[in-house]
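Participant: To start, I am sharing the structure in question, which I have written as structure tokens.
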Amino acid sequence: MTDTTHADMSHEQSLSHEQSLEARLRAHHQDLPPAERRLAELLLNFPGDISRYGAGELAEAAGTSRAAASRLFRRLGYRDFNEARQQVRDAQRWGSPLYLSSATEARRPAPGNNSATGQNATGHDSGALEQGTGLESAAQGGSSRQPSARGTEGQALSGSQSALGGLDADSALGMHLAQEQDNLARSFAELDQAALGEAISALGKAPRVHLAGFRNSQMLASFFHRQLQLLRPDVQLLPRPGQTLGEDLVDVGADDLVILIALRRRTGQETSLLDCCRQQGAKTLLLVDPTCPTTLAGDWRLEARVASASPFDSYASCLSMIQAICTIFYRQNIDTCQQRLREVEALHDSLDELSRF
């Protein structure tokens, strides 16, 4: 393992054990002087806004001073505001919904529609430019105060718009659709087609295929498992209900294919699973999002973007990629796949399992 790899892993491990900004704010909240408490309450509502705005802008939105803001961050155990901002940006990169929430979320421009900058807003993959905010409402319970501070991208931090109000259903759906289309377009435009082709070839040659995923990725692994089970034999889902990983990994053999879905937020078990599978001679395919560190390595890696117009990641592009893999595999092995589908349908009929309605 390289020095760089050790450094990356050490950095991530140290950050994961740090007390979060929210936890620090809650621990100190009752003892804070009024000037610091106003800023603390704003940040408790939307801690992710530290990544978007400067200390002075946040202080003004909370109706306090820069000096009070500096005292607050030191009281919380940070060297300065920038250290707190970096911790929040790490939390956003890992996909924490709390830190991806923003008082400006409801008025964020849709991807590809930022005429002021000519740039695409890409949700929380890379951070979007904000227009308008409800920061001061979050801090002051909907007060009509309108500070004149400017955002870090030159956007006004003004208006008493609440974070959840003022966005009609049509606008919300438009933003959602635009972000989903952007995710799909960019995921497939950036797709490593050589890796895709080799992985699909391995999918046809492997004696057995094992699907794995943790947390929300388990849902995607389960869907992938079901689709592949219709197209080829010996497809397993890891771990099976009631089992630990070791009880299932013992069956992973040489030349098997292990497909690991590891979208953020990852658990740490992914590395152990991959190491074990490699030691047993299996090939590995990773379906990840762009935030996944390269220290999590497989034989092939495919990336799906998960940016969202909400605090919660979108899995549409990953589902589409799964469907594309199954479709290509089916077309390349149409005779054997069709035979298996006929056998499945015959069993459905004989067991009278499915309704005709």
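Here's how to read the names in the structure tokens: chain A, B, ... by the order shown, residue numbers from 1 in each chain, ligand numbers from 1 in the order shown.
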Hey, which bits of range 194-233 of chain A sit within 7 Å of range 306-329 of chain A, and for each residue what's the closest pair of atoms and how far apart in Å (one decimal), counting only C-alpha atoms, rows by chain and increasing number, as CSV?
Facilitator:
residue,atom,partner,partner_atom,distance
A:Ile200,CA,A:Phe329,CA,6.2
A:Phe224,CA,A:Ile322,CA,6.4
A:Leu228,CA,A:Cys326,CA,6.7
Participant: State, in Å with one decimal place, the distance from CA of Ile334 in chain A to CA of Gly253 in chain A.
Facilitator: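 So the two atoms, CA of Ile334 in chain A and CA of Gly253 in chain A, lie 26.3 Å apart.
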Participant: Which one is closest to Ala27 in chain A: A:Ile259, A:Leu286, A:Leu76, A:Leu58? Count only C-alpha atoms.
Facilitator: A:Leu76
Participant: Can you tell me how far CA of His348 in chain A sits from CA of Asp335 in chain A, in Å to one decimal?
Facilitator: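 Computing it gives 20.1 Å between the two atoms.
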Participant: So how many Å separate CA of Ser187 in chain A and CA of Glu303 in chain A, to one decimal?
Facilitator: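 Atom-to-atom, CA of Ser187 in chain A and CA of Glu303 in chain A are spaced 6.7 Å apart.
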Participant: Can you list, as a ChimeraX atom specification, every residue of range 187-229 of chain A that DSSP puts in helix (DSSP H, G or I)?
Facilitator: /A:187-189,193-205,216-229
Participant: As a ChimeraX atom specification, please: every residue in range 162-356 of chain A that DSSP puts in strand (DSSP E or B).
Facilitator: /A:209-213,235-238,257-262,283-288,300-303
Participant: Please list as a list in words every residue within 9 Å of Gln181 in chain A, counting only C-alpha atoms and excluding residues in the same chain fewer than 4 positions away.
Facilitator: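 Contacts, with the query itself left out: Pro111, His176, Leu177, Ala185, Arg186 and Ser317 of chain A.
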Participant: Considering only C-alpha atoms, state which residue in the set A:Gln193, A:Thr291, A:Gln179, A:Ser201 is at the smallest distance from Arg93 in chain A.
Facilitator: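 Closest residue, counting only C-alpha atoms: A:Thr291.
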Participant: Which is closer to Val258 in chain A than all the others in A:Pro241, A:Ala304, A:Gln218, A:Arg208, using only C-alpha atoms?
Facilitator: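 Once distances to Val258 in chain A are computed over only C-alpha atoms, the minimum belongs to A:Arg208.
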Participant: In terms of the shortest atom-to-atom distance over only C-alpha atoms, which of A:Asp255, A:Leu354, A:Gln229, A:Arg74 is closest to Cys337 in chain A?
Facilitator: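 Selected residue with least distance to Cys337 in chain A: A:Gln229.
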